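Engineer: Handing you this structure, nothing more for now.
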Amino acid sequence: MSRSAELLDLTGRITGIGDEAAPGLAGQIAVARALGWSALELRSLDGTALADLSEPVVREAAGHLHAAGLGVVCLDSRIGNWARPVTGPFSADLEELERLAAYGRILGCRSLRVMSWTDGGLSEEAWAAGAIDRTRRLARRAEALGVELLHENCAGWAGSDASRTLRLLAEVDSPALRVLFDTGNGVPYGYDAHALLEELLPHVAHVHVKDALPGDRAPYGRRGVVADPAFLAGQPSLVLRLGPELPRERTVMFNVHLDTVAGGEPPAFDGARFTGRGAVDAKGPAVALLAGVAAAARSCPAVGRDVAVLVQAVAGEEGGALGTFGTRPLVEAGHTGRLNVFCEPTGLRHLPRATAAATARITVDGEDAVDDRPEAGHNATVLLGFLAQHLAASLGRAASAEPPFTVCVAGLHTGTLHNKVHGGGSLLLNLAYATATAGAAAERALVRALDEGLREFTARFSGAPPFARTAADAARITRLEWEKRGLPALGPQPAWGEELLARAGVDRWPDGEPGFTCDAIWLEGLPDSFTTVFGPGSLDANRAHAAGEFVDLADLEAFADRTAALLTAFADDVRRDGARHAVPVPARVPTDLTEKAGTA
């Protein structure tokens with residue numbers, strides 16, 4: 001049989017990722033049997049990743065799969081995925097390999113999906129070296145365990161570039177490393193998937209067939225990038241540098257976003273107060289920041305000579321993108337410092353932490369009906385309204401447990417007509433968390449609460465004729481999708497940075513006062529650095545994002561003064577610690593803010 005003919009013979013070889021059909025194993029099995037599949041690809045059960053399950057749970061799952069006549073073709077691990085930078089603890093990947101290899105023996109599966117780590121702020125060369133070394137060590141262990149690693153064209157060093165993937169395969173040089181190709185990943189990650197496949201085809205052992213559109217389902221909020229080629233061109237980011245390009249330990253980075261929430265009155269200034277959208281969040285602070293940098297350079301010659309200052313002036317912070325188009329690519333390109341300050345309204349106190357958020361969309365995809373025969377269709381309005389109340393109550397209780405998270409139930413929409421039963425609609429929820437553990441707990445809590453809500457809806461409405469069909473089909477027509485999930489949260493920072501800011505006269509945000517989400521999350525895991533959030537005004541008191549947004553000139557001047565004091569204190573530390581930081585300095589030193597790079 002020719003190779004092309006063999007590729008077309010897919011009888012008995014089509015399966016799917018179970019948790020994309022249903023969170024629980026019973027639902028996954030039901031869908032597989034209804035589709036006539038003979039196997040499943042497993043990633044999670046009831047919202048819990050496979051490696052986090054106990055052995056008894058896995059053995060019970062294996063029994064149910066066997067009884068249903070289903071095998072397992074692949075176990076989808078978190079090894080090297082988008083939430084694991086190459087600078088993170090390698091022990092987590094090794095432990096997951098060991099556990100999934102053991103679970104694979106129970107489930108009768110030897111294939112494990114892996115990726116190749118985000119860069120963690122390293123240079124391109126260091127990122128490549130780290131990813132290849134880690135993959136080589138994992139592959140050697142996989143050989144010993146009798147399993148194979150399938151590297152997916154997704155997040156990571158070798159995820160979207162054929163030459164990198166081929167280099168990874170060549171340098172690892174192991175029969176335990178092959179390729180998993182996803183046909184849809186080129187859309188959200190911005191590359192030509194077909195061209196990638198042409199080069200990698202001889203190494204492909206497993207395929208994910210996925211239909212992808214550039215829209216709401218793109219990871220990390222990458223909405224509209226491919227649909228509108230002008231999307232990124234319309235919101236460029238800018239990197240400014242004062243002084244020569246110096247090592248990171250002698251660099252301070254400031255990040256400020258220039259995009260604003262839409263709307264608002266025309267800008268105005270009465271001599272003491274600026275009003276208008278962006279006054280406090282964050283165009284006003286951007287101007288004050290530059291004034292502070294200029295003042296520091298005038299009063300302390302070391303700033304701009306012995307200490308470099310980077311300013312990231314970014315787009316893409318507002319609107320739910322969370323820095324995907326602005327801050328994240330600049331951080332990945334290495335535009336960071338030993339000290340990193342994100343300019344957000346904090347009342348001139350510094351906040352050395354930042355929460356992240358997962359956004360879930362619950363979609364009902366049923367059939368419409370006319371108002372004279374409501375029982376003939378699926379009433380998405382009643383179903384989603386019930387789920388909204390149930391999730392608010394259930395997650396409201398779960399959010400106060402350990403580890404805590406914050407839930408926002410929002411965005412319920414079905415339709416606008418009064419004489420129609422709307423069969424489809426969606427409900428949005430935002431889950432904010434301060435640690436990765438809390439984020440995972442929030443996701444599991446939502447999965448459990450949704451399952452409970454669907455069961456309660458069925459029990460409550462099955463006896464009501466207008467809603468009986470909706471009740472019977474509730475679980476089938478309802479699905480949970482993630483707009484974004486797995487984002488890092490900025491955790492505790494080293495003591496030296498706290499001491500530096502205290503010497504500069506910057507007070508600390510109280511531990512007991514809740515923080516908020518901002519682009520600082522992308523600095524989590526950056527080694528030998530300190531990251532904090534600091535700026536004038538308050539998001540609520542200064543009416544950020546709302547009518548009447550304002551900032552007082554006195555607050556902007558105070559922010560500029562503290563910025564200058566912070567840079568001076570950092571320069572003093574560099575001088576005192578000259579032996580550690582000594583590097584050659586170019587003979588000609590720029591003394592003004594100059595454009596280094598424009599990026600989208």
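Just so we're on the same page: first chain in the structure tokens is A, next is B, and so on; residues restart at 1 for each chain, and ligands are numbered from 1 in the order they show up.
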May I have the residues within 9 Å of Val207 of chain A as a list in words, using only C-alpha atoms and disregarding those fewer than 5 positions away in the same chain?

Structural biologist: Val179, Leu180, Phe181, Asp182 and Thr183 of chain A

Engineer: Could you list, with a cut-off of 6 Å and counting only C-alpha atoms, the residues of segment 395-487 of chain A near segment 334-358 of chain A, each shown with its nearest atom pair and the distance in Å rounded to one decimal, rows sorted by chain and ascending number, as JSON lines?

Structural biologist:
{"residue": "A:Asn430", "atom": "CA", "partner": "A:Ala358", "partner_atom": "CA", "distance": 5.8}
{"residue": "A:Leu431", "atom": "CA", "partner": "A:Ala358", "partner_atom": "CA", "distance": 5.1}
{"residue": "A:Ala432", "atom": "CA", "partner": "A:Ala357", "partner_atom": "CA", "distance": 4.1}
{"residue": "A:Tyr433", "atom": "CA", "partner": "A:Thr355", "partner_atom": "CA", "distance": 5.4}
{"residue": "A:Ala434", "atom": "CA", "partner": "A:Thr355", "partner_atom": "CA", "distance": 4.5}
{"residue": "A:Lys484", "atom": "CA", "partner": "A:Ala358", "partner_atom": "CA", "distance": 5.3}
{"residue": "A:Arg485", "atom": "CA", "partner": "A:Ala358", "partner_atom": "CA", "distance": 4.4}

Engineer: Mind checking which residues fall within 12 Å of Glu375 of chain A, counting only C-alpha atoms, ignoring those fewer than 5 positions away in the same chain, and posting them as a PyMOL selection string?

Structural biologist: chain A and resi 367-370+420-423+461-472

Engineer: Selection from above, C-alpha atoms, as a compact mmCIF listing (two decimals), in the first residue's frame, can you write it?

Structural biologist:
# COMPACT_ATOMS: atom_id res chain seq x y z
CA GLU A 367 -32.77 24.30 19.03
CA ASP A 368 -34.95 27.40 18.81
CA ALA A 369 -38.75 27.28 18.98
CA VAL A 370 -41.66 29.64 18.45
CA LYS A 420 -39.13 33.24 20.50
CA VAL A 421 -37.56 30.48 22.58
CA HIS A 422 -33.84 31.06 22.14
CA GLY A 423 -32.09 27.71 21.92
CA PHE A 461 -37.55 21.06 35.32
CA SER A 462 -38.10 17.55 33.92
CA GLY A 463 -41.70 17.66 35.14
CA ALA A 464 -42.46 21.05 33.63
CA PRO A 465 -43.74 20.52 30.03
CA PRO A 466 -42.39 23.78 28.52
CA PHE A 467 -38.89 22.89 29.74
CA ALA A 468 -38.93 19.10 29.74
CA ARG A 469 -36.90 18.79 26.53
CA THR A 470 -34.35 21.30 27.82
CA ALA A 471 -34.08 19.34 31.07
CA ALA A 472 -33.61 16.03 29.29

Engineer: What lies within 12 Å of Ser400 of chain A using only C-alpha atoms, ignoring chain neighbours under 6 positions off, as an MDAnalysis selection string?

Structural biologist: chainID A and resid 393:394 406:407 433 438 441:442 445

Engineer: Those same residues, written as a PDB file, in the first residue's frame with N, CA and C atoms?

Structural biologist:
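The resulting out_26.pdb:
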ATOM      1  N   ALA A 393     -23.873  30.841  43.670  1.00  0.00           N
ATOM      2  CA  ALA A 393     -23.966  30.328  45.036  1.00  0.00           C
ATOM      3  C   ALA A 393     -22.862  29.321  45.334  1.00  0.00           C
ATOM      4  N   SER A 394     -22.653  28.376  44.410  1.00  0.00           N
ATOM      5  CA  SER A 394     -21.683  27.311  44.653  1.00  0.00           C
ATOM      6  C   SER A 394     -20.250  27.831  44.658  1.00  0.00           C
ATOM      7  N   THR A 406     -11.407  34.453  43.400  1.00  0.00           N
ATOM      8  CA  THR A 406     -12.524  35.381  43.279  1.00  0.00           C
ATOM      9  C   THR A 406     -13.312  35.050  42.027  1.00  0.00           C
ATOM     10  N   VAL A 407     -14.635  34.987  42.150  1.00  0.00           N
ATOM     11  CA  VAL A 407     -15.478  34.655  41.008  1.00  0.00           C
ATOM     12  C   VAL A 407     -16.338  35.849  40.627  1.00  0.00           C
ATOM     13  N   TYR A 433      -7.191  34.672  40.589  1.00  0.00           N
ATOM     14  CA  TYR A 433      -6.457  33.882  41.573  1.00  0.00           C
ATOM     15  C   TYR A 433      -5.067  34.468  41.767  1.00  0.00           C
ATOM     16  N   ALA A 438      -4.256  28.054  43.298  1.00  0.00           N
ATOM     17  CA  ALA A 438      -5.602  28.594  43.435  1.00  0.00           C
ATOM     18  C   ALA A 438      -6.322  28.608  42.086  1.00  0.00           C
ATOM     19  N   ALA A 441      -7.509  25.157  41.419  1.00  0.00           N
ATOM     20  CA  ALA A 441      -8.638  24.855  42.300  1.00  0.00           C
ATOM     21  C   ALA A 441      -9.911  25.518  41.797  1.00  0.00           C
ATOM     22  N   ALA A 442      -9.792  26.753  41.298  1.00  0.00           N
ATOM     23  CA  ALA A 442     -10.957  27.453  40.766  1.00  0.00           C
ATOM     24  C   ALA A 442     -11.521  26.736  39.544  1.00  0.00           C
ATOM     25  N   ALA A 445     -13.308  23.661  40.716  1.00  0.00           N
ATOM     26  CA  ALA A 445     -14.566  24.013  41.382  1.00  0.00           C
ATOM     27  C   ALA A 445     -15.646  24.344  40.356  1.00  0.00           C
TER      28      ALA A 445
END

Engineer: Taking only segment 59-272 of chain A into account, list the residues labelled strand (DSSP E) by DSSP (computed from the backbone), as number ranges by chain.

Structural biologist: A: 71-76, 111-116, 148-156, 177-182, 204-208, 237-242, 251-257, 268-269

Engineer: Take the residues from that selection and write them out as a compact mmCIF listing (two decimals), in the first residue's frame, keeping C-alpha atoms.

Structural biologist:
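Final output, part-v4.txt:
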# COMPACT_ATOMS: atom_id res chain seq x y z
CA GLY A 71 -8.62 1.82 24.80
CA VAL A 72 -6.42 4.88 25.42
CA VAL A 73 -4.19 6.21 22.64
CA CYS A 74 -2.41 9.10 24.35
CA LEU A 75 -2.05 10.79 27.75
CA ASP A 76 -1.84 14.58 27.49
CA SER A 111 2.28 7.76 24.34
CA LEU A 112 2.60 11.04 26.30
CA ARG A 113 1.95 14.50 24.82
CA VAL A 114 4.65 17.08 25.72
CA MET A 115 5.72 20.62 24.71
CA SER A 116 9.01 22.52 24.94
CA GLU A 148 7.27 7.70 23.93
CA LEU A 149 7.07 11.48 24.07
CA LEU A 150 4.99 13.20 21.40
CA HIS A 151 6.04 16.83 21.02
CA GLU A 152 3.11 19.04 20.00
CA ASN A 153 3.34 22.08 17.71
CA CYS A 154 1.95 24.35 20.40
CA ALA A 155 3.62 26.44 23.11
CA GLY A 156 7.36 26.24 23.61
CA LEU A 177 10.73 11.37 20.86
CA ARG A 178 8.31 11.90 17.97
CA VAL A 179 5.89 14.60 16.81
CA LEU A 180 2.24 15.26 17.57
CA PHE A 181 0.82 17.56 14.90
CA ASP A 182 -2.23 19.75 15.58
CA VAL A 204 4.58 12.64 12.91
CA ALA A 205 3.15 9.82 15.02
CA HIS A 206 -0.14 11.35 16.15
CA VAL A 207 -2.47 14.04 14.78
CA HIS A 208 -4.99 16.41 16.33
CA SER A 237 4.22 48.75 21.38
CA LEU A 238 7.37 50.78 21.86
CA VAL A 239 10.56 50.10 23.79
CA LEU A 240 12.66 53.08 24.88
CA ARG A 241 16.13 52.85 26.40
CA LEU A 242 18.13 55.47 28.27
CA THR A 251 18.89 47.57 34.11
CA VAL A 252 15.61 48.95 35.44
CA MET A 253 12.49 48.32 33.35
CA PHE A 254 9.28 50.35 33.58
CA ASN A 255 6.12 49.15 31.87
CA VAL A 256 3.17 51.46 31.15
CA HIS A 257 0.21 50.80 28.87
CA ALA A 268 -9.45 68.54 30.07
CA PHE A 269 -7.10 70.21 32.60

Engineer: I'd like to know which residues of segment 362-460 of chain A are alpha helix (DSSP H) (by DSSP, run on the backbone); could you write them as a count of residues only?

Structural biologist: 44

Engineer: For Ala410 of chain A, work out the shell of residues within 9 Å, counting only C-alpha atoms and skipping chain neighbours fewer than 6 positions away, then give it as an MDAnalysis selection string.

Structural biologist: chainID A and resid 388 427:430

Engineer: Kindly export the residues of the current selection with N, CA, C and O atoms, as a tab-separated table (two decimals), in the first residue's frame.

Structural biologist:
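Wrote it out as result_39.tsv, contents follow:
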chain	number	residue	atom	x	y	z
A	388	ALA	N	-26.44	30.34	36.10
A	388	ALA	CA	-25.80	31.53	36.63
A	388	ALA	C	-26.03	31.64	38.14
A	388	ALA	O	-25.10	31.91	38.92
A	427	LEU	N	-22.79	32.16	28.78
A	427	LEU	CA	-22.59	32.78	30.09
A	427	LEU	C	-21.10	32.86	30.33
A	427	LEU	O	-20.38	31.85	30.19
A	428	LEU	N	-20.59	34.04	30.69
A	428	LEU	CA	-19.17	34.23	30.96
A	428	LEU	C	-18.91	34.30	32.46
A	428	LEU	O	-19.70	34.88	33.21
A	429	LEU	N	-17.81	33.72	32.88
A	429	LEU	CA	-17.36	33.80	34.27
A	429	LEU	C	-15.87	34.12	34.30
A	429	LEU	O	-15.11	33.62	33.46
A	430	ASN	N	-15.48	34.94	35.24
A	430	ASN	CA	-14.07	35.27	35.43
A	430	ASN	C	-13.64	34.76	36.79
A	430	ASN	O	-14.30	35.01	37.81

Engineer: Which neighbours of segment 79-84 of chain A fall inside 9 Å, counting only C-alpha atoms, when residues of the same chain fewer than 2 positions from it are skipped, and could you give them as a VMD selection string?

Structural biologist: chain A and resid 76 to 77 86 to 89 92 to 94 96 to 97 113 to 118 120 131 135 154 to 156 436 486 to 488

Engineer: Write the residues you've just listed into a file as an mmCIF file, in the first residue's frame, and include N, CA and C atoms for each of them.

Structural biologist:
data_model
loop_
_atom_site.group_PDB
_atom_site.id
_atom_site.type_symbol
_atom_site.label_atom_id
_atom_site.label_comp_id
_atom_site.auth_asym_id
_atom_site.auth_seq_id
_atom_site.Cartn_x
_atom_site.Cartn_y
_atom_site.Cartn_z
ATOM 1 N N ASP A 76 -2.282 13.209 27.715
ATOM 2 C CA ASP A 76 -1.837 14.582 27.494
ATOM 3 C C ASP A 76 -1.271 15.161 28.786
ATOM 4 N N SER A 77 0.028 15.333 28.815
ATOM 5 C CA SER A 77 0.701 15.825 30.023
ATOM 6 C C SER A 77 0.812 17.341 30.002
ATOM 7 N N VAL A 86 11.019 27.504 30.961
ATOM 8 C CA VAL A 86 12.214 26.676 30.981
ATOM 9 C C VAL A 86 13.092 26.982 32.193
ATOM 10 N N THR A 87 12.827 28.098 32.864
ATOM 11 C CA THR A 87 13.551 28.444 34.088
ATOM 12 C C THR A 87 12.893 27.867 35.330
ATOM 13 N N GLY A 88 11.722 27.228 35.174
ATOM 14 C CA GLY A 88 11.009 26.669 36.316
ATOM 15 C C GLY A 88 11.623 25.357 36.766
ATOM 16 N N PRO A 89 11.098 24.798 37.863
ATOM 17 C CA PRO A 89 11.664 23.548 38.400
ATOM 18 C C PRO A 89 11.455 22.372 37.445
ATOM 19 N N ALA A 92 9.247 19.099 38.390
ATOM 20 C CA ALA A 92 7.820 18.928 38.131
ATOM 21 C C ALA A 92 7.590 18.095 36.871
ATOM 22 N N ASP A 93 8.411 18.320 35.835
ATOM 23 C CA ASP A 93 8.277 17.557 34.596
ATOM 24 C C ASP A 93 8.730 16.111 34.786
ATOM 25 N N LEU A 94 9.819 15.920 35.501
ATOM 26 C CA LEU A 94 10.295 14.559 35.754
ATOM 27 C C LEU A 94 9.289 13.757 36.550
ATOM 28 N N GLU A 96 6.072 14.262 36.703
ATOM 29 C CA GLU A 96 4.892 13.976 35.883
ATOM 30 C C GLU A 96 5.173 12.850 34.895
ATOM 31 N N LEU A 97 6.379 12.797 34.349
ATOM 32 C CA LEU A 97 6.749 11.691 33.462
ATOM 33 C C LEU A 97 6.667 10.361 34.189
ATOM 34 N N ARG A 113 1.832 13.216 25.500
ATOM 35 C CA ARG A 113 1.954 14.502 24.817
ATOM 36 C C ARG A 113 2.809 15.450 25.664
ATOM 37 N N VAL A 114 3.796 16.115 25.029
ATOM 38 C CA VAL A 114 4.652 17.079 25.721
ATOM 39 C C VAL A 114 4.815 18.321 24.853
ATOM 40 N N MET A 115 5.358 19.403 25.448
ATOM 41 C CA MET A 115 5.717 20.616 24.712
ATOM 42 C C MET A 115 7.156 20.985 25.081
ATOM 43 N N SER A 116 7.589 22.212 24.753
ATOM 44 C CA SER A 116 9.009 22.522 24.937
ATOM 45 C C SER A 116 9.244 23.858 25.660
ATOM 46 N N TRP A 117 8.396 24.194 26.628
ATOM 47 C CA TRP A 117 8.620 25.272 27.588
ATOM 48 C C TRP A 117 8.638 26.675 26.972
ATOM 49 N N THR A 118 8.041 27.625 27.708
ATOM 50 C CA THR A 118 8.206 29.035 27.373
ATOM 51 C C THR A 118 9.582 29.501 27.848
ATOM 52 N N GLY A 120 10.852 31.912 29.804
ATOM 53 C CA GLY A 120 11.198 32.353 31.148
ATOM 54 C C GLY A 120 12.102 33.573 31.189
ATOM 55 N N ALA A 131 15.732 23.999 26.597
ATOM 56 C CA ALA A 131 14.670 23.131 26.091
ATOM 57 C C ALA A 131 15.234 21.817 25.555
ATOM 58 N N THR A 135 14.546 18.138 27.215
ATOM 59 C CA THR A 135 13.900 17.116 26.393
ATOM 60 C C THR A 135 14.792 15.885 26.276
ATOM 61 N N CYS A 154 2.763 23.422 19.614
ATOM 62 C CA CYS A 154 1.951 24.348 20.396
ATOM 63 C C CYS A 154 2.905 25.313 21.092
ATOM 64 N N ALA A 155 2.738 25.528 22.390
ATOM 65 C CA ALA A 155 3.616 26.444 23.112
ATOM 66 C C ALA A 155 5.012 25.843 23.244
ATOM 67 N N GLY A 156 6.010 26.715 23.362
ATOM 68 C CA GLY A 156 7.358 26.241 23.611
ATOM 69 C C GLY A 156 8.339 26.586 22.519
ATOM 70 N N ALA A 436 -0.910 29.722 41.141
ATOM 71 C CA ALA A 436 -1.286 28.694 40.168
ATOM 72 C C ALA A 436 -2.146 27.621 40.823
ATOM 73 N N GLY A 486 -4.768 29.009 32.851
ATOM 74 C CA GLY A 486 -3.369 28.634 33.042
ATOM 75 C C GLY A 486 -2.395 29.778 32.994
ATOM 76 N N LEU A 487 -2.877 31.032 33.093
ATOM 77 C CA LEU A 487 -1.952 32.162 33.081
ATOM 78 C C LEU A 487 -1.188 32.224 34.401
ATOM 79 N N PRO A 488 0.056 32.701 34.372
ATOM 80 C CA PRO A 488 0.824 32.807 35.614
ATOM 81 C C PRO A 488 0.315 33.941 36.485
#

Engineer: Tell me which of A:Gln389, A:Asn419, A:Thr363, A:Thr517 sits closest to Glu483 of chain A, counting only C-alpha atoms.

Structural biologist: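 Of A:Gln389, A:Asn419, A:Thr363, A:Thr517, the one nearest Glu483 of chain A, counting only C-alpha atoms, is A:Thr363.
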
Engineer: Please indicate the distance in Å from atom CA of Glu452 of chain A to atom CA of Ala474 of chain A, rounded to one decimal place.

Structural biologist: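 Atom-to-atom, atom CA of Glu452 of chain A to atom CA of Ala474 of chain A, that is 11.7 Å.
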
Engineer: Which polymer residues have any atom within 10 Å of an atom of segment 36-48 of chain A, counting only C-alpha atoms, with same-chain residues fewer than 6 positions away left out, as a PyMOL selection string?

Structural biologist: chain A and resi 11-20+22-26+28-30+57-58+61+65-66+68-78+109+111-113+440-448+451
